[in-house]
$ cat entry14.txt   # compact mmCIF, N, CA and C atoms
# COMPACT_ATOMS: atom_id res chain seq x y z
N MET M 1 -13.88 36.09 1.18
CA MET M 1 -12.75 36.02 0.30
C MET M 1 -12.59 34.58 -0.19
N ALA M 2 -12.49 34.39 -1.45
CA ALA M 2 -12.34 33.07 -2.01
C ALA M 2 -11.00 32.47 -1.61
N VAL M 3 -10.96 31.15 -1.53
CA VAL M 3 -9.71 30.45 -1.24
C VAL M 3 -8.80 30.58 -2.46
N THR M 4 -7.57 30.98 -2.24
CA THR M 4 -6.64 31.13 -3.36
C THR M 4 -5.42 30.23 -3.25
N SER M 5 -5.14 29.69 -2.06
CA SER M 5 -3.96 28.85 -1.91
C SER M 5 -4.25 27.66 -1.01
N VAL M 6 -3.69 26.53 -1.40
CA VAL M 6 -3.95 25.27 -0.71
C VAL M 6 -2.63 24.55 -0.46
N ALA M 7 -2.48 24.04 0.76
CA ALA M 7 -1.34 23.18 1.08
C ALA M 7 -1.81 21.73 0.99
N LEU M 8 -1.05 20.92 0.28
CA LEU M 8 -1.35 19.50 0.11
C LEU M 8 -0.25 18.68 0.76
N VAL M 9 -0.62 17.89 1.76
CA VAL M 9 0.34 17.12 2.54
C VAL M 9 -0.20 15.71 2.68
N ALA M 10 0.68 14.70 2.61
CA ALA M 10 0.23 13.32 2.78
C ALA M 10 1.35 12.47 3.36
N HIS M 11 0.98 11.62 4.30
CA HIS M 11 1.94 10.63 4.79
C HIS M 11 2.17 9.57 3.72
N ASP M 12 3.24 8.81 3.87
CA ASP M 12 3.65 7.86 2.83
C ASP M 12 2.52 6.94 2.36
N ASN M 13 1.78 6.36 3.30
CA ASN M 13 0.70 5.43 2.92
C ASN M 13 -0.53 6.13 2.35
N LYS M 14 -0.52 7.46 2.32
CA LYS M 14 -1.66 8.23 1.80
C LYS M 14 -1.32 9.05 0.56
N LYS M 15 -0.06 9.01 0.14
CA LYS M 15 0.35 9.82 -1.02
C LYS M 15 -0.41 9.43 -2.29
N LYS M 16 -0.54 8.15 -2.54
CA LYS M 16 -1.25 7.68 -3.74
C LYS M 16 -2.69 8.20 -3.74
N GLU M 17 -3.35 8.11 -2.59
CA GLU M 17 -4.73 8.58 -2.48
C GLU M 17 -4.83 10.09 -2.72
N LEU M 18 -3.89 10.86 -2.18
CA LEU M 18 -3.92 12.31 -2.38
C LEU M 18 -3.69 12.66 -3.84
N VAL M 19 -2.76 11.98 -4.49
CA VAL M 19 -2.48 12.24 -5.91
C VAL M 19 -3.71 11.90 -6.74
N GLU M 20 -4.37 10.79 -6.45
CA GLU M 20 -5.61 10.41 -7.17
C GLU M 20 -6.68 11.47 -6.97
N TRP M 21 -6.86 11.91 -5.73
CA TRP M 21 -7.87 12.94 -5.42
C TRP M 21 -7.56 14.23 -6.17
N ALA M 22 -6.31 14.63 -6.15
CA ALA M 22 -5.91 15.86 -6.84
C ALA M 22 -6.17 15.76 -8.34
N ASN M 23 -5.90 14.61 -8.92
CA ASN M 23 -6.16 14.43 -10.35
C ASN M 23 -7.65 14.47 -10.66
N GLU M 24 -8.46 13.88 -9.80
CA GLU M 24 -9.91 13.92 -9.98
C GLU M 24 -10.44 15.35 -9.86
N ASN M 25 -9.72 16.19 -9.12
CA ASN M 25 -10.14 17.57 -8.89
C ASN M 25 -9.23 18.58 -9.58
N ARG M 26 -8.58 18.14 -10.61
CA ARG M 26 -7.62 18.95 -11.36
C ARG M 26 -8.21 20.30 -11.77
N THR M 27 -9.45 20.30 -12.26
CA THR M 27 -10.09 21.53 -12.73
C THR M 27 -10.32 22.50 -11.58
N ARG M 28 -10.77 21.99 -10.44
CA ARG M 28 -11.01 22.85 -9.28
C ARG M 28 -9.70 23.39 -8.70
N LEU M 29 -8.64 22.61 -8.79
CA LEU M 29 -7.36 23.03 -8.24
C LEU M 29 -6.58 23.95 -9.18
N ALA M 30 -6.95 23.94 -10.46
CA ALA M 30 -6.20 24.68 -11.48
C ALA M 30 -5.99 26.16 -11.16
N PRO M 31 -7.00 26.90 -10.69
CA PRO M 31 -6.76 28.33 -10.44
C PRO M 31 -6.09 28.63 -9.10
N LEU M 32 -5.83 27.61 -8.31
CA LEU M 32 -5.31 27.80 -6.96
C LEU M 32 -3.79 27.70 -6.92
N ARG M 33 -3.20 28.47 -6.02
CA ARG M 33 -1.76 28.37 -5.75
C ARG M 33 -1.59 27.15 -4.84
N LEU M 34 -0.75 26.22 -5.25
CA LEU M 34 -0.58 24.97 -4.51
C LEU M 34 0.79 24.91 -3.85
N TYR M 35 0.78 24.45 -2.60
CA TYR M 35 2.00 24.19 -1.83
C TYR M 35 1.95 22.72 -1.42
N ALA M 36 3.10 22.09 -1.34
CA ALA M 36 3.15 20.70 -0.88
C ALA M 36 4.51 20.43 -0.25
N THR M 37 4.54 19.41 0.59
CA THR M 37 5.79 19.03 1.21
C THR M 37 6.48 17.94 0.38
N GLY M 38 7.80 17.99 0.35
CA GLY M 38 8.69 16.99 -0.20
C GLY M 38 8.23 16.10 -1.34
N THR M 39 8.21 14.81 -1.07
CA THR M 39 7.85 13.81 -2.08
C THR M 39 6.44 14.03 -2.59
N THR M 40 5.54 14.42 -1.72
CA THR M 40 4.16 14.69 -2.16
C THR M 40 4.16 15.77 -3.22
N GLY M 41 4.95 16.81 -3.03
CA GLY M 41 5.06 17.88 -4.01
C GLY M 41 5.57 17.39 -5.35
N ARG M 42 6.61 16.55 -5.32
CA ARG M 42 7.16 16.01 -6.57
C ARG M 42 6.13 15.16 -7.29
N LEU M 43 5.45 14.29 -6.55
CA LEU M 43 4.43 13.42 -7.17
C LEU M 43 3.29 14.24 -7.77
N LEU M 44 2.85 15.27 -7.04
CA LEU M 44 1.76 16.11 -7.54
C LEU M 44 2.20 16.93 -8.75
N ARG M 45 3.39 17.47 -8.71
CA ARG M 45 3.89 18.26 -9.84
C ARG M 45 3.91 17.41 -11.10
N GLU M 46 4.41 16.18 -10.98
CA GLU M 46 4.47 15.27 -12.13
C GLU M 46 3.07 14.88 -12.60
N SER M 47 2.23 14.51 -11.67
CA SER M 47 0.90 14.02 -12.01
C SER M 47 -0.01 15.11 -12.58
N LEU M 48 0.03 16.29 -11.94
CA LEU M 48 -0.83 17.40 -12.37
C LEU M 48 -0.18 18.23 -13.47
N GLN M 49 1.09 17.98 -13.72
CA GLN M 49 1.86 18.77 -14.69
C GLN M 49 1.78 20.26 -14.34
N ARG M 50 2.09 20.54 -13.06
CA ARG M 50 2.05 21.90 -12.52
C ARG M 50 3.45 22.33 -12.11
N ASP M 51 4.13 23.02 -13.01
CA ASP M 51 5.46 23.54 -12.68
C ASP M 51 5.40 24.64 -11.65
N ASP M 52 4.22 25.23 -11.46
CA ASP M 52 4.07 26.33 -10.50
C ASP M 52 3.76 25.85 -9.08
N LEU M 53 3.72 24.53 -8.86
CA LEU M 53 3.47 24.00 -7.52
C LEU M 53 4.68 24.29 -6.64
N HIS M 54 4.45 24.89 -5.48
CA HIS M 54 5.52 25.26 -4.56
C HIS M 54 5.85 24.06 -3.67
N SER M 55 6.98 23.43 -3.94
CA SER M 55 7.39 22.26 -3.18
C SER M 55 8.33 22.69 -2.06
N LEU M 56 8.01 22.28 -0.86
CA LEU M 56 8.80 22.63 0.32
C LEU M 56 9.60 21.40 0.76
N LEU M 57 10.22 21.46 1.90
CA LEU M 57 10.97 20.33 2.41
C LEU M 57 10.04 19.16 2.75
N SER M 58 10.61 17.99 2.86
CA SER M 58 9.87 16.83 3.35
C SER M 58 9.36 17.14 4.76
N GLY M 59 8.20 16.60 5.11
CA GLY M 59 7.61 16.87 6.42
C GLY M 59 8.57 16.67 7.59
N PRO M 60 9.21 15.50 7.70
CA PRO M 60 10.12 15.27 8.82
C PRO M 60 11.37 16.14 8.81
N LEU M 61 11.66 16.75 7.66
CA LEU M 61 12.85 17.61 7.55
C LEU M 61 12.53 19.08 7.71
N GLY M 62 11.28 19.39 8.11
CA GLY M 62 10.89 20.77 8.35
C GLY M 62 9.76 21.27 7.46
N GLY M 63 9.31 20.46 6.52
CA GLY M 63 8.25 20.88 5.61
C GLY M 63 6.93 21.19 6.31
N ASP M 64 6.59 20.38 7.33
CA ASP M 64 5.36 20.65 8.09
C ASP M 64 5.45 22.02 8.76
N GLN M 65 6.62 22.33 9.27
CA GLN M 65 6.82 23.63 9.93
C GLN M 65 6.80 24.76 8.91
N GLN M 66 7.31 24.51 7.70
CA GLN M 66 7.24 25.54 6.66
C GLN M 66 5.79 25.83 6.30
N ILE M 67 4.97 24.79 6.17
CA ILE M 67 3.54 24.98 5.88
C ILE M 67 2.90 25.77 7.01
N GLY M 68 3.21 25.40 8.25
CA GLY M 68 2.66 26.12 9.41
C GLY M 68 3.03 27.60 9.40
N ALA M 69 4.26 27.90 9.05
CA ALA M 69 4.69 29.30 8.98
C ALA M 69 3.91 30.05 7.91
N LYS M 70 3.69 29.42 6.77
CA LYS M 70 2.93 30.07 5.70
C LYS M 70 1.48 30.29 6.11
N ILE M 71 0.91 29.39 6.90
CA ILE M 71 -0.44 29.58 7.43
C ILE M 71 -0.44 30.81 8.35
N ALA M 72 0.52 30.88 9.26
CA ALA M 72 0.59 32.00 10.21
C ALA M 72 0.81 33.33 9.49
N GLU M 73 1.49 33.30 8.35
CA GLU M 73 1.74 34.52 7.58
C GLU M 73 0.59 34.86 6.63
N GLY M 74 -0.46 34.04 6.62
CA GLY M 74 -1.62 34.31 5.78
C GLY M 74 -1.46 33.90 4.34
N GLU M 75 -0.45 33.09 4.01
CA GLU M 75 -0.22 32.68 2.63
C GLU M 75 -1.03 31.45 2.22
N ILE M 76 -1.50 30.67 3.19
CA ILE M 76 -2.25 29.45 2.89
C ILE M 76 -3.63 29.55 3.49
N ASP M 77 -4.65 29.28 2.65
CA ASP M 77 -6.06 29.40 3.04
C ASP M 77 -6.71 28.09 3.44
N LEU M 78 -6.14 26.98 2.99
CA LEU M 78 -6.74 25.66 3.19
C LEU M 78 -5.63 24.62 3.31
N LEU M 79 -5.77 23.72 4.29
CA LEU M 79 -4.82 22.62 4.46
C LEU M 79 -5.53 21.31 4.16
N VAL M 80 -5.03 20.59 3.16
CA VAL M 80 -5.51 19.24 2.87
C VAL M 80 -4.37 18.32 3.29
N PHE M 81 -4.60 17.57 4.35
CA PHE M 81 -3.55 16.75 4.96
C PHE M 81 -4.08 15.34 5.13
N PHE M 82 -3.74 14.46 4.20
CA PHE M 82 -4.14 13.06 4.31
C PHE M 82 -3.10 12.36 5.19
N TRP M 83 -3.42 12.26 6.49
CA TRP M 83 -2.50 11.63 7.41
C TRP M 83 -2.93 10.20 7.66
N ASP M 84 -1.98 9.40 8.06
CA ASP M 84 -2.21 7.97 8.25
C ASP M 84 -2.45 7.68 9.73
N PRO M 85 -3.70 7.37 10.11
CA PRO M 85 -3.99 7.12 11.52
C PRO M 85 -3.49 5.76 12.01
N LEU M 86 -3.01 4.91 11.10
CA LEU M 86 -2.57 3.57 11.50
C LEU M 86 -1.06 3.44 11.66
N GLU M 87 -0.32 4.46 11.28
CA GLU M 87 1.14 4.41 11.35
C GLU M 87 1.67 5.50 12.28
N PRO M 88 2.51 5.12 13.24
CA PRO M 88 3.16 6.15 14.06
C PRO M 88 4.15 6.93 13.19
N GLN M 89 4.27 8.21 13.46
CA GLN M 89 5.15 9.07 12.68
C GLN M 89 6.26 9.59 13.59
N PRO M 90 7.52 9.49 13.15
CA PRO M 90 8.61 9.98 13.99
C PRO M 90 8.56 11.49 14.22
N HIS M 91 7.89 12.21 13.33
CA HIS M 91 7.81 13.66 13.47
C HIS M 91 6.42 14.09 13.96
N ASP M 92 5.84 13.25 14.81
CA ASP M 92 4.50 13.52 15.35
C ASP M 92 4.37 14.90 15.99
N PRO M 93 5.37 15.39 16.74
CA PRO M 93 5.24 16.75 17.30
C PRO M 93 5.08 17.82 16.22
N ASP M 94 5.75 17.65 15.07
CA ASP M 94 5.62 18.61 13.97
C ASP M 94 4.21 18.59 13.40
N ILE M 95 3.65 17.39 13.29
CA ILE M 95 2.29 17.23 12.76
C ILE M 95 1.29 17.91 13.69
N LYS M 96 1.46 17.65 14.99
CA LYS M 96 0.57 18.28 15.98
C LYS M 96 0.70 19.79 15.92
N ALA M 97 1.91 20.29 15.76
CA ALA M 97 2.13 21.74 15.67
C ALA M 97 1.46 22.32 14.43
N LEU M 98 1.54 21.61 13.31
CA LEU M 98 0.90 22.08 12.07
C LEU M 98 -0.62 22.15 12.25
N LEU M 99 -1.21 21.11 12.81
CA LEU M 99 -2.66 21.12 13.03
C LEU M 99 -3.06 22.19 14.04
N ARG M 100 -2.22 22.42 15.03
CA ARG M 100 -2.49 23.48 16.02
C ARG M 100 -2.49 24.85 15.34
N ILE M 101 -1.52 25.12 14.50
CA ILE M 101 -1.44 26.42 13.81
C ILE M 101 -2.65 26.61 12.90
N ALA M 102 -3.05 25.55 12.20
CA ALA M 102 -4.23 25.66 11.32
C ALA M 102 -5.48 25.98 12.14
N ALA M 103 -5.63 25.34 13.30
CA ALA M 103 -6.77 25.63 14.17
C ALA M 103 -6.67 27.04 14.73
N LEU M 104 -5.48 27.43 15.16
CA LEU M 104 -5.26 28.76 15.73
C LEU M 104 -5.63 29.87 14.76
N TRP M 105 -5.25 29.72 13.49
CA TRP M 105 -5.49 30.75 12.48
C TRP M 105 -6.81 30.53 11.73
N ASN M 106 -7.61 29.57 12.19
CA ASN M 106 -8.96 29.35 11.69
C ASN M 106 -9.02 29.10 10.18
N ILE M 107 -8.14 28.21 9.70
CA ILE M 107 -8.25 27.83 8.30
C ILE M 107 -8.85 26.42 8.24
N PRO M 108 -9.60 26.11 7.19
CA PRO M 108 -10.17 24.77 7.07
C PRO M 108 -9.07 23.72 6.89
N VAL M 109 -9.31 22.56 7.50
CA VAL M 109 -8.39 21.43 7.40
C VAL M 109 -9.18 20.20 6.98
N ALA M 110 -8.73 19.55 5.92
CA ALA M 110 -9.34 18.30 5.48
C ALA M 110 -8.33 17.19 5.71
N CYS M 111 -8.67 16.26 6.57
CA CYS M 111 -7.74 15.19 6.92
C CYS M 111 -8.03 13.88 6.20
N ASN M 112 -9.08 13.88 5.38
CA ASN M 112 -9.37 12.69 4.59
C ASN M 112 -10.10 13.09 3.31
N ARG M 113 -10.26 12.13 2.43
CA ARG M 113 -10.83 12.38 1.11
C ARG M 113 -12.26 12.95 1.20
N ALA M 114 -13.07 12.40 2.09
CA ALA M 114 -14.46 12.85 2.21
C ALA M 114 -14.53 14.33 2.59
N THR M 115 -13.75 14.72 3.58
CA THR M 115 -13.75 16.11 4.00
C THR M 115 -13.17 17.01 2.92
N ALA M 116 -12.13 16.55 2.26
CA ALA M 116 -11.54 17.33 1.16
C ALA M 116 -12.57 17.59 0.07
N GLU M 117 -13.39 16.60 -0.25
CA GLU M 117 -14.45 16.77 -1.25
C GLU M 117 -15.45 17.84 -0.81
N PHE M 118 -15.88 17.75 0.45
CA PHE M 118 -16.84 18.73 0.97
C PHE M 118 -16.28 20.14 0.90
N VAL M 119 -15.04 20.30 1.34
CA VAL M 119 -14.44 21.63 1.37
C VAL M 119 -14.22 22.17 -0.04
N LEU M 120 -13.66 21.35 -0.91
CA LEU M 120 -13.33 21.83 -2.26
C LEU M 120 -14.57 22.17 -3.07
N THR M 121 -15.70 21.53 -2.77
CA THR M 121 -16.93 21.82 -3.52
C THR M 121 -17.82 22.83 -2.80
N SER M 122 -17.36 23.36 -1.68
CA SER M 122 -18.12 24.36 -0.93
C SER M 122 -18.25 25.66 -1.72
N ALA M 123 -19.38 26.31 -1.60
CA ALA M 123 -19.59 27.60 -2.25
C ALA M 123 -18.59 28.64 -1.75
N TYR M 124 -18.11 28.47 -0.52
CA TYR M 124 -17.15 29.43 0.04
C TYR M 124 -15.80 29.41 -0.68
N MET M 125 -15.52 28.34 -1.39
CA MET M 125 -14.24 28.25 -2.11
C MET M 125 -14.10 29.36 -3.15
N THR M 126 -15.22 29.78 -3.72
CA THR M 126 -15.16 30.77 -4.80
C THR M 126 -15.93 32.05 -4.48
N ASP M 127 -16.43 32.18 -3.27
CA ASP M 127 -17.25 33.33 -2.88
C ASP M 127 -16.36 34.48 -2.40
N ASP M 128 -16.20 35.48 -3.24
CA ASP M 128 -15.36 36.63 -2.88
C ASP M 128 -15.96 37.47 -1.76
N ASN M 129 -17.25 37.31 -1.49
CA ASN M 129 -17.90 38.09 -0.43
C ASN M 129 -17.77 37.44 0.94
N HIS M 130 -17.41 36.16 0.97
CA HIS M 130 -17.27 35.46 2.25
C HIS M 130 -15.97 35.87 2.93
N ARG M 131 -16.05 36.22 4.18
CA ARG M 131 -14.86 36.58 4.96
C ARG M 131 -14.77 35.63 6.15
N SER M 132 -13.76 34.79 6.15
CA SER M 132 -13.60 33.92 7.31
C SER M 132 -13.08 34.75 8.47
N GLN M 133 -13.48 34.38 9.66
CA GLN M 133 -13.09 35.10 10.86
C GLN M 133 -11.62 34.82 11.16
N LYS M 134 -10.81 35.82 11.08
CA LYS M 134 -9.42 35.68 11.51
C LYS M 134 -9.36 36.08 12.97
N PRO M 135 -8.65 35.33 13.76
CA PRO M 135 -8.60 35.61 15.19
C PRO M 135 -7.91 36.94 15.50
N ASP M 136 -8.34 37.53 16.58
CA ASP M 136 -7.74 38.77 17.07
C ASP M 136 -6.87 38.41 18.27
N PHE M 137 -5.59 38.53 18.10
CA PHE M 137 -4.65 38.17 19.15
C PHE M 137 -4.11 39.38 19.90
N SER M 138 -4.79 40.52 19.79
CA SER M 138 -4.27 41.74 20.41
C SER M 138 -4.18 41.62 21.94
N ASP M 139 -5.14 40.92 22.57
CA ASP M 139 -5.04 40.73 24.02
C ASP M 139 -3.79 39.93 24.37
N TYR M 140 -3.51 38.93 23.55
CA TYR M 140 -2.34 38.08 23.82
C TYR M 140 -1.04 38.83 23.53
N THR M 141 -0.98 39.47 22.38
CA THR M 141 0.27 40.15 22.00
C THR M 141 0.52 41.41 22.81
N GLY M 142 -0.53 41.99 23.37
CA GLY M 142 -0.38 43.22 24.13
C GLY M 142 -0.35 42.99 25.64
N ARG M 143 -0.29 41.74 26.05
CA ARG M 143 -0.33 41.46 27.50
C ARG M 143 0.92 41.95 28.20
N ASP M 144 0.75 42.26 29.44
CA ASP M 144 1.86 42.75 30.27
C ASP M 144 2.45 41.54 31.00
N VAL M 145 3.68 41.22 30.68
CA VAL M 145 4.34 40.06 31.28
C VAL M 145 5.40 40.54 32.24
N HIS M 146 5.36 40.03 33.43
CA HIS M 146 6.35 40.44 34.45
C HIS M 146 7.41 39.40 34.61

$ encode --input "entry14.txt" --output "structure tokens"
Amino acid sequence: MAVTSVALVAHDNKKKELVEWANENRTRLAPLRLYATGTTGRLLRESLQRDDLHSLLSGPLGGDQQIGAKIAEGEIDLLVFFWDPLEPQPHDPDIKALLRIAALWNIPVACNRATAEFVLTSAYMTDDNHRSQKPDFSDYTGRDVH
């Protein structure tokens, strides 16, 4: 199944880089449903001139958790998250939770420009015959808890 929706997230010191990357990849991003958190969403909407970009809350105000919920609900196929490894973040537990959910639901995550380039140019991005493995949680959800 081709990727149809992408979440774009960036920490403050990485927002400029993400906006530049998105502009360089405007054509590839054009057919995709885009989600973004807070200020990143506003900057991308203005830069890409995409009124259809779904802007959520700022990350520290719950936006990271909103993205995570959309991943768990199957609404987001790819997470592009330019995070800043040099700056501590007050909402670090939310960030860890978002990355955990992405790993749990087996969606690709690009944490830097190089990885984002590889993923966005992958043949799997547009291959309708490719089926990514979605985890089977039936053992977990059906467990007997005493």

$ closest_residue --input "entry14.txt" --among "M:Gly68, M:Ala36, M:Asp84, M:Lys134" --to "Arg100 (chain M)" --atoms "all atoms listed in the file"
M:Gly68

$ residues_near_point --input "entry14.txt" --point "(3.8, 24.1, 10.1)" --cutoff "6.5 Å" --atoms "all atoms listed in the file" --output "list in words"
Gly63, Asp64, Gln65, Gln66, Ile67, Gly68, Ala69, Lys70, Asp94, Ala97, Leu98 and Leu99 of chain M

$ axis_aligned_box --input "entry14.txt" --around "region 84-100 of chain M" --padding-each-side "5 Å" --output "lines of an AutoDock Vina configuration file"
center_x = 2.3
center_y = 14.1
center_z = 12.7
size_x = 22.6
size_y = 31.4
size_z = 19.2

$ closest_residue --input "entry14.txt" --among "M:Gly41, M:Gly142, M:Pro90, M:Gly74" --to "Val19 (chain M)" --atoms "only C-alpha atoms"
M:Gly41

$ select_by_dssp --input "entry14.txt" --residues "chain M" --states "strand (DSSP E or B)" --output "list in words"
Ser5, Val6, Ala7, Leu8, Val9, Ala10, Arg33, Leu34, Tyr35, Ala36, Thr37, His54, Ser55, Leu56, Leu78, Leu79, Val80, Phe81, Phe82, Val109 and Ala110 of chain M

$ atom_distance --input "entry14.txt" --atom1 "atom C of Thr121 (chain M)" --atom2 "atom N of Ile107 (chain M)"
16.7 Å

$ closest_residue --input "entry14.txt" --among "M:Glu17, M:Glu46, M:Asp12, M:Asp136" --to "Leu104 (chain M)" --atoms "only C-alpha atoms"
M:Asp136

$ atom_distance --input "entry14.txt" --atom1 "CA of Ile71 (chain M)" --atom2 "CA of Arg28 (chain M)"
20.9 Å

$ atom_distance --input "entry14.txt" --atom1 "CA of His54 (chain M)" --atom2 "CA of Ala10 (chain M)"
15.0 Å

$ build_atoms --input "entry14.txt" --residues "region 62-71 of chain M" --atoms "all heavy atoms" --output "mmCIF file, keeping the file's coordinate frame"
data_model
loop_
_atom_site.group_PDB
_atom_site.id
_atom_site.type_symbol
_atom_site.label_atom_id
_atom_site.label_comp_id
_atom_site.auth_asym_id
_atom_site.auth_seq_id
_atom_site.Cartn_x
_atom_site.Cartn_y
_atom_site.Cartn_z
ATOM 1 N N GLY M 62 11.280 19.390 8.110
ATOM 2 C CA GLY M 62 10.890 20.770 8.350
ATOM 3 C C GLY M 62 9.760 21.270 7.460
ATOM 4 O O GLY M 62 9.303 22.399 7.639
ATOM 5 N N GLY M 63 9.310 20.460 6.520
ATOM 6 C CA GLY M 63 8.250 20.880 5.610
ATOM 7 C C GLY M 63 6.930 21.190 6.310
ATOM 8 O O GLY M 63 6.245 22.149 5.958
ATOM 9 N N ASP M 64 6.590 20.380 7.330
ATOM 10 C CA ASP M 64 5.360 20.650 8.090
ATOM 11 C C ASP M 64 5.450 22.020 8.760
ATOM 12 O O ASP M 64 4.486 22.784 8.800
ATOM 13 C CB ASP M 64 5.112 19.568 9.149
ATOM 14 C CG ASP M 64 4.854 18.200 8.550
ATOM 15 O OD1 ASP M 64 4.316 18.125 7.429
ATOM 16 O OD2 ASP M 64 5.196 17.198 9.210
ATOM 17 N N GLN M 65 6.620 22.330 9.270
ATOM 18 C CA GLN M 65 6.820 23.630 9.930
ATOM 19 C C GLN M 65 6.800 24.760 8.910
ATOM 20 O O GLN M 65 6.310 25.856 9.210
ATOM 21 C CB GLN M 65 8.120 23.617 10.729
ATOM 22 C CG GLN M 65 8.042 22.667 11.908
ATOM 23 C CD GLN M 65 9.327 22.584 12.704
ATOM 24 O OE1 GLN M 65 10.377 23.048 12.274
ATOM 25 N NE2 GLN M 65 9.238 21.990 13.877
ATOM 26 N N GLN M 66 7.310 24.510 7.700
ATOM 27 C CA GLN M 66 7.240 25.540 6.660
ATOM 28 C C GLN M 66 5.790 25.830 6.300
ATOM 29 O O GLN M 66 5.409 26.998 6.127
ATOM 30 C CB GLN M 66 8.002 25.087 5.405
ATOM 31 C CG GLN M 66 9.499 25.122 5.546
ATOM 32 C CD GLN M 66 10.182 24.644 4.278
ATOM 33 O OE1 GLN M 66 9.986 23.520 3.838
ATOM 34 N NE2 GLN M 66 10.984 25.521 3.694
ATOM 35 N N ILE M 67 4.970 24.790 6.170
ATOM 36 C CA ILE M 67 3.540 24.980 5.880
ATOM 37 C C ILE M 67 2.900 25.770 7.010
ATOM 38 O O ILE M 67 2.147 26.721 6.780
ATOM 39 C CB ILE M 67 2.824 23.625 5.680
ATOM 40 C CG1 ILE M 67 3.357 22.890 4.450
ATOM 41 C CG2 ILE M 67 1.320 23.815 5.619
ATOM 42 C CD1 ILE M 67 2.867 23.352 3.117
ATOM 43 N N GLY M 68 3.210 25.400 8.250
ATOM 44 C CA GLY M 68 2.660 26.120 9.410
ATOM 45 C C GLY M 68 3.030 27.600 9.400
ATOM 46 O O GLY M 68 2.192 28.454 9.682
ATOM 47 N N ALA M 69 4.260 27.900 9.050
ATOM 48 C CA ALA M 69 4.690 29.300 8.980
ATOM 49 C C ALA M 69 3.910 30.050 7.910
ATOM 50 O O ALA M 69 3.494 31.199 8.120
ATOM 51 C CB ALA M 69 6.192 29.374 8.696
ATOM 52 N N LYS M 70 3.690 29.420 6.770
ATOM 53 C CA LYS M 70 2.930 30.070 5.700
ATOM 54 C C LYS M 70 1.480 30.290 6.110
ATOM 55 O O LYS M 70 0.868 31.279 5.723
ATOM 56 C CB LYS M 70 3.043 29.280 4.406
ATOM 57 C CG LYS M 70 4.450 29.353 3.830
ATOM 58 C CD LYS M 70 4.534 28.747 2.458
ATOM 59 C CE LYS M 70 5.931 28.886 1.898
ATOM 60 N NZ LYS M 70 6.433 30.244 1.829
ATOM 61 N N ILE M 71 0.910 29.390 6.900
ATOM 62 C CA ILE M 71 -0.440 29.580 7.430
ATOM 63 C C ILE M 71 -0.440 30.810 8.350
ATOM 64 O O ILE M 71 -1.293 31.691 8.224
ATOM 65 C CB ILE M 71 -0.936 28.323 8.172
ATOM 66 C CG1 ILE M 71 -1.197 27.195 7.176
ATOM 67 C CG2 ILE M 71 -2.196 28.643 8.989
ATOM 68 C CD1 ILE M 71 -1.431 25.838 7.822
#
